[in-house]
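J.: Below you'll find the structure I mean.
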Amino acid sequence: MSRKKISTTIYVTPEQADRLKLLHERTKVPVAVYIREGIDLVLERYEHVLPGQMTLVTDGSGKER
């Protein structure tokens with residue numbers, strides 16, 4: 001099932017546009033799919049910078065450190 005997507009504008013270099021177009025022509029996968037995959041890779045790479053659920057670490061006695 002496809003999730004709702006939000007429209008945004010990005011700017012790519014002419015070289016990036018050419019390579020994405022060629023990739024699309026060879027695979028028939030929409031350029032937008034590759035851009036979303038690229039965003040997912042960046043978010044995964046920098047996940048340590050993003051806020052998230054903190055884990056509780058104990059010292060073995062049940063007390064938080």
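By order in the structure tokens, chains are A, B, ...; within a chain, residues start at 1; ligands start at 1, following the order shown.
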Give me the residues near A:Val12 as a ChimeraX atom specification, where near means some atom within 12 Å (using only C-alpha atoms) and where sequence neighbours in that chain fewer than 5 positions away do not count.
T.: /A:17-21,31,35
J.: Please produce a file of the residues just selected, as an mmCIF file, in the first residue's frame, where the atoms kept are C-alpha atoms.
T.:
data_model
loop_
_atom_site.group_PDB
_atom_site.id
_atom_site.type_symbol
_atom_site.label_atom_id
_atom_site.label_comp_id
_atom_site.auth_asym_id
_atom_site.auth_seq_id
_atom_site.Cartn_x
_atom_site.Cartn_y
_atom_site.Cartn_z
ATOM 1 C CA ALA A 17 19.582 15.083 -13.716
ATOM 2 C CA ASP A 18 21.158 13.436 -16.769
ATOM 3 C CA ARG A 19 22.241 10.364 -14.811
ATOM 4 C CA LEU A 20 18.858 10.029 -13.098
ATOM 5 C CA LYS A 21 17.106 10.300 -16.466
ATOM 6 C CA VAL A 31 13.229 9.328 -10.715
ATOM 7 C CA ILE A 35 15.320 10.425 -4.846
#
J.: Just asking: which residues within stretch 5-61 of chain A are alpha helix (DSSP H) according to DSSP, as a list of chain:residue names?
T.: A:Pro14, A:Glu15, A:Gln16, A:Ala17, A:Asp18, A:Arg19, A:Leu20, A:Lys21, A:Leu22, A:Leu23, A:His24, A:Glu25, A:Arg26, A:Thr27, A:Val31, A:Ala32, A:Val33, A:Tyr34, A:Ile35, A:Arg36, A:Glu37, A:Gly38, A:Ile39, A:Asp40, A:Leu41, A:Val42, A:Leu43, A:Glu44, A:Arg45
J.: Please, could you write that set of residues out with N, CA and C atoms as an mmCIF file, in the first residue's frame?
T.:
data_model
loop_
_atom_site.group_PDB
_atom_site.id
_atom_site.type_symbol
_atom_site.label_atom_id
_atom_site.label_comp_id
_atom_site.auth_asym_id
_atom_site.auth_seq_id
_atom_site.Cartn_x
_atom_site.Cartn_y
_atom_site.Cartn_z
ATOM 1 N N PRO A 14 22.928 19.559 -13.359
ATOM 2 C CA PRO A 14 22.606 18.981 -14.670
ATOM 3 C C PRO A 14 23.129 17.555 -14.824
ATOM 4 N N GLU A 15 24.311 17.291 -14.267
ATOM 5 C CA GLU A 15 24.882 15.946 -14.343
ATOM 6 C C GLU A 15 24.029 14.937 -13.581
ATOM 7 N N GLN A 16 23.564 15.335 -12.401
ATOM 8 C CA GLN A 16 22.692 14.447 -11.628
ATOM 9 C C GLN A 16 21.397 14.184 -12.376
ATOM 10 N N ALA A 17 20.828 15.230 -12.960
ATOM 11 C CA ALA A 17 19.582 15.083 -13.716
ATOM 12 C C ALA A 17 19.773 14.137 -14.901
ATOM 13 N N ASP A 18 20.880 14.302 -15.617
ATOM 14 C CA ASP A 18 21.158 13.436 -16.769
ATOM 15 C C ASP A 18 21.297 11.973 -16.349
ATOM 16 N N ARG A 19 22.025 11.748 -15.270
ATOM 17 C CA ARG A 19 22.241 10.364 -14.811
ATOM 18 C C ARG A 19 20.955 9.749 -14.287
ATOM 19 N N LEU A 20 20.146 10.543 -13.575
ATOM 20 C CA LEU A 20 18.858 10.029 -13.098
ATOM 21 C C LEU A 20 17.929 9.704 -14.262
ATOM 22 N N LYS A 21 17.936 10.546 -15.282
ATOM 23 C CA LYS A 21 17.106 10.300 -16.466
ATOM 24 C C LYS A 21 17.547 9.023 -17.176
ATOM 25 N N LEU A 22 18.847 8.832 -17.318
ATOM 26 C CA LEU A 22 19.369 7.625 -17.945
ATOM 27 C C LEU A 22 19.014 6.379 -17.122
ATOM 28 N N LEU A 23 19.158 6.493 -15.817
ATOM 29 C CA LEU A 23 18.788 5.380 -14.938
ATOM 30 C C LEU A 23 17.314 5.042 -15.094
ATOM 31 N N HIS A 24 16.468 6.056 -15.157
ATOM 32 C CA HIS A 24 15.039 5.848 -15.373
ATOM 33 C C HIS A 24 14.775 5.162 -16.715
ATOM 34 N N GLU A 25 15.422 5.623 -17.758
ATOM 35 C CA GLU A 25 15.213 5.042 -19.087
ATOM 36 C C GLU A 25 15.603 3.565 -19.124
ATOM 37 N N ARG A 26 16.646 3.201 -18.389
ATOM 38 C CA ARG A 26 17.119 1.815 -18.400
ATOM 39 C C ARG A 26 16.314 0.901 -17.479
ATOM 40 N N THR A 27 15.773 1.464 -16.397
ATOM 41 C CA THR A 27 15.085 0.633 -15.406
ATOM 42 C C THR A 27 13.577 0.823 -15.387
ATOM 43 N N VAL A 31 12.149 8.582 -11.366
ATOM 44 C CA VAL A 31 13.229 9.328 -10.715
ATOM 45 C C VAL A 31 12.866 9.625 -9.268
ATOM 46 N N ALA A 32 11.608 9.929 -8.995
ATOM 47 C CA ALA A 32 11.181 10.245 -7.626
ATOM 48 C C ALA A 32 11.469 9.086 -6.668
ATOM 49 N N VAL A 33 11.368 7.860 -7.159
ATOM 50 C CA VAL A 33 11.654 6.697 -6.313
ATOM 51 C C VAL A 33 13.124 6.705 -5.915
ATOM 52 N N TYR A 34 13.994 6.987 -6.869
ATOM 53 C CA TYR A 34 15.425 7.036 -6.557
ATOM 54 C C TYR A 34 15.744 8.176 -5.597
ATOM 55 N N ILE A 35 15.086 9.303 -5.750
ATOM 56 C CA ILE A 35 15.320 10.425 -4.846
ATOM 57 C C ILE A 35 14.872 10.066 -3.431
ATOM 58 N N ARG A 36 13.696 9.420 -3.297
ATOM 59 C CA ARG A 36 13.234 9.003 -1.965
ATOM 60 C C ARG A 36 14.187 7.984 -1.354
ATOM 61 N N GLU A 37 14.694 7.051 -2.172
ATOM 62 C CA GLU A 37 15.664 6.074 -1.663
ATOM 63 C C GLU A 37 16.930 6.770 -1.179
ATOM 64 N N GLY A 38 17.369 7.795 -1.923
ATOM 65 C CA GLY A 38 18.548 8.551 -1.514
ATOM 66 C C GLY A 38 18.328 9.271 -0.190
ATOM 67 N N ILE A 39 17.158 9.834 -0.026
ATOM 68 C CA ILE A 39 16.825 10.505 1.234
ATOM 69 C C ILE A 39 16.837 9.500 2.380
ATOM 70 N N ASP A 40 16.277 8.315 2.153
ATOM 71 C CA ASP A 40 16.286 7.272 3.182
ATOM 72 C C ASP A 40 17.714 6.889 3.563
ATOM 73 N N LEU A 41 18.608 6.793 2.586
ATOM 74 C CA LEU A 41 20.010 6.456 2.872
ATOM 75 C C LEU A 41 20.675 7.533 3.723
ATOM 76 N N VAL A 42 20.416 8.800 3.413
ATOM 77 C CA VAL A 42 20.992 9.901 4.196
ATOM 78 C C VAL A 42 20.437 9.884 5.617
ATOM 79 N N LEU A 43 19.119 9.692 5.756
ATOM 80 C CA LEU A 43 18.515 9.665 7.089
ATOM 81 C C LEU A 43 19.060 8.505 7.920
ATOM 82 N N GLU A 44 19.298 7.373 7.287
ATOM 83 C CA GLU A 44 19.877 6.227 7.998
ATOM 84 C C GLU A 44 21.315 6.529 8.410
ATOM 85 N N ARG A 45 22.078 7.140 7.511
ATOM 86 C CA ARG A 45 23.482 7.457 7.786
ATOM 87 C C ARG A 45 23.623 8.425 8.959
#
